[in-house]
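Shown next: query_24.cif, given as mmCIF, C-alpha atoms.
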```
data_my_file
loop_
_atom_site.label_atom_id
_atom_site.label_comp_id
_atom_site.auth_asym_id
_atom_site.auth_seq_id
_atom_site.Cartn_x
_atom_site.Cartn_y
_atom_site.Cartn_z
CA MET A 14 -53.90 247.86 183.37
CA LYS A 15 -55.77 250.44 185.42
CA GLN A 16 -56.85 250.20 189.00
CA LEU A 17 -60.17 251.83 189.86
CA TYR A 18 -61.34 253.07 193.23
CA VAL A 19 -64.98 252.13 193.87
CA GLY A 20 -66.52 253.87 196.87
CA ASN A 21 -69.83 254.40 198.62
CA LEU A 22 -70.71 250.71 198.27
CA PRO A 23 -73.43 249.09 200.38
CA TYR A 24 -71.86 247.13 203.25
CA GLN A 25 -73.56 243.87 202.23
CA VAL A 26 -72.12 243.85 198.67
CA SER A 27 -70.07 240.81 197.61
CA GLU A 28 -67.06 240.48 195.36
CA GLU A 29 -69.27 238.61 192.90
CA ASP A 30 -71.70 241.59 192.79
CA ILE A 31 -68.79 243.88 191.92
CA ARG A 32 -67.42 241.51 189.27
CA LYS A 33 -70.84 241.21 187.57
CA THR A 34 -71.38 244.97 187.57
CA PHE A 35 -67.97 245.79 186.09
CA ALA A 36 -67.99 242.87 183.63
CA ALA A 37 -70.62 244.78 181.63
CA PHE A 38 -67.77 247.13 180.62
CA GLY A 39 -65.04 244.54 179.96
CA SER A 40 -62.82 241.95 181.55
CA VAL A 41 -62.27 242.28 185.31
CA ASN A 42 -58.76 241.16 186.24
CA ALA A 43 -59.01 241.57 190.02
CA VAL A 44 -61.24 242.87 192.81
CA ARG A 45 -59.84 243.79 196.23
CA MET A 46 -62.49 244.32 198.89
CA MET A 47 -61.21 246.48 201.75
CA ASN A 48 -61.94 245.24 205.26
CA ASP A 49 -61.29 246.81 208.64
CA ARG A 50 -58.13 245.38 210.22
CA GLU A 51 -59.60 245.02 213.68
CA THR A 52 -63.18 243.93 213.00
CA GLY A 53 -62.79 242.28 209.60
CA ARG A 54 -65.95 244.07 208.40
CA PHE A 55 -66.16 245.48 204.87
CA ARG A 56 -65.32 249.20 204.81
CA GLY A 57 -67.58 250.20 201.90
CA PHE A 58 -64.97 250.50 199.16
CA CYS A 59 -62.86 248.31 196.91
CA PHE A 60 -60.39 248.40 194.05
CA VAL A 61 -61.11 246.90 190.63
CA GLU A 62 -58.37 246.16 188.09
CA MET A 63 -59.29 246.27 184.40
CA ASP A 64 -57.61 246.88 181.04
CA ASP A 65 -57.16 250.60 180.29
CA GLY A 66 -59.98 251.06 177.75
CA ASP A 67 -62.44 248.94 179.73
CA ALA A 68 -61.60 250.82 182.92
CA LEU A 69 -62.37 254.18 181.31
CA LYS A 70 -65.71 252.85 180.04
CA ALA A 71 -66.52 251.59 183.54
CA VAL A 72 -65.76 254.99 185.08
CA ASP A 73 -67.98 256.74 182.53
CA GLY A 74 -70.76 254.18 182.92
CA LEU A 75 -70.81 253.69 186.69
CA ASN A 76 -69.69 256.87 188.44
CA ASP A 77 -72.66 258.50 190.24
CA LYS A 78 -74.97 255.60 189.29
CA ASP A 79 -77.30 254.03 191.83
CA PHE A 80 -76.05 250.71 193.23
CA GLY A 81 -78.03 249.14 196.04
CA GLY A 82 -79.58 252.48 196.97
CA ARG A 83 -76.26 254.38 197.02
CA LYS A 84 -74.52 256.52 194.41
CA LEU A 85 -71.25 254.89 193.40
CA ARG A 86 -67.99 256.81 193.31
CA VAL A 87 -65.80 255.30 190.60
CA ASN A 88 -62.52 256.84 189.49
CA GLU A 89 -58.96 255.94 188.69
CA ALA A 90 -57.15 254.98 191.90
CA ARG A 91 -54.32 257.20 193.07
CA GLU A 92 -51.20 256.14 194.93
CA ARG A 93 -51.66 256.19 198.67
CA GLU A 94 -49.97 259.17 200.28
CA ALA A 95 -47.29 258.44 202.85
CA ARG A 96 -48.50 258.88 206.40
CA ALA A 97 -46.58 259.49 209.59
CA PRO A 98 -46.03 256.37 211.68
CA ARG A 99 -48.69 255.65 214.30
CA ARG A 100 -47.74 256.53 217.83
CA GLU A 101 -48.53 254.23 220.70
CA SER A 102 -50.98 255.73 223.15
CA ASN A 103 -49.99 255.90 226.81
CA TRP A 104 -53.59 255.69 228.00
#
```
Take the structure in the file and write it out as structure tokens.
Amino acid sequence: MKQLYVGNLPYQVSEEDIRKTFAAFGSVNAVRMMNDRETGRFRGFCFVEMDDGDALKAVDGLNDKDFGGRKLRVNEAREREARAPRRESNW
């Protein structure tokens, strides 16, 4: 199983749009749309989980392709780097 990062998506895209697009390259196991914590609005990127071979085909077939007027960024997702804890503001 590989997890793909899919960025530069139009803000009005749906999970179903993503599933249909990636299904052309193989079976889509999961799609996680990333929303802003405070507003709940879509942030313009998601993660797609596919079998290894299908995922590589999807990267080759979709990276830098036009999708809703924007060039997709599709690559293998990397582990999130650890960040320092957020500090409370005194303002």
Residue with smallest distance to Phe55 in chain A - pool A:Lys78, A:Lys33, A:Asn42, A:Pro23, counting only C-alpha atoms: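 Closest candidate: A:Pro23.
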Of the listed residues A:Ala37, A:Gly74, A:Asp65, A:Asn21, that which approaches Glu89 in chain A most closely, counting all atoms listed in the file: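 Residue with the minimum atom-to-atom distance to Glu89 in chain A: A:Asp65.
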Hits from the PyMOL selection byres ((chain A and resi 57) around 9), listed as an MDAnalysis selection string: chainID A and resid 19:26 46:48 55:56 58:59
Explicit residues for the PyMOL selection byres ((chain A and resi 14) around 7) (as a PyMOL selection string): chain A and resi 15-16+62-65
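The residue that comes closest to Arg91 in chain A, out of A:Arg32, A:Asp49, A:Leu69, A:Phe60 and on the basis of all atoms listed in the file, is A:Phe60.
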Option closest in space to Ala43 in chain A, from A:Glu28, A:Asp79, A:Glu92, A:Asp67 [counting only C-alpha atoms]: A:Glu28
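The coordinates place CA of Glu94 in chain A at 26.4 Å from CA of Lys70 in chain A.
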Atomic separation - CA of Ile31 in chain A relative to CA of Val44 in chain A, Å: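 Those two atoms sit 7.7 Å apart.
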Residues in the PyMOL selection byres ((chain A and resi 87) around 9), expressed as a list in words: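 On the file shown, the PyMOL selection byres ((chain A and resi 87) around 9) covers Leu17, Tyr18, Val19, Gly20, Ala71, Val72, Asp73, Leu75, Asn76, Asp77, Leu85, Arg86, Asn88, Glu89 and Ala90 of chain A.
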I need the chosen residues saved as a tab-separated table (two decimals), keeping the file's coordinate frame, with C-alpha atoms.
```tsv
chain	number	residue	atom	x	y	z
A	17	LEU	CA	-60.17	251.83	189.86
A	18	TYR	CA	-61.34	253.07	193.23
A	19	VAL	CA	-64.98	252.13	193.87
A	20	GLY	CA	-66.52	253.87	196.87
A	71	ALA	CA	-66.52	251.59	183.54
A	72	VAL	CA	-65.76	254.99	185.08
A	73	ASP	CA	-67.98	256.74	182.53
A	75	LEU	CA	-70.81	253.69	186.69
A	76	ASN	CA	-69.69	256.87	188.44
A	77	ASP	CA	-72.66	258.50	190.24
A	85	LEU	CA	-71.25	254.89	193.40
A	86	ARG	CA	-67.99	256.81	193.31
A	88	ASN	CA	-62.52	256.84	189.49
A	89	GLU	CA	-58.96	255.94	188.69
A	90	ALA	CA	-57.15	254.98	191.90
```
Two-atom distance - CA of Phe35 in chain A, CA of Ala68 in chain A (Å):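 For CA of Phe35 in chain A relative to CA of Ala68 in chain A, the distance reads 8.7 Å.
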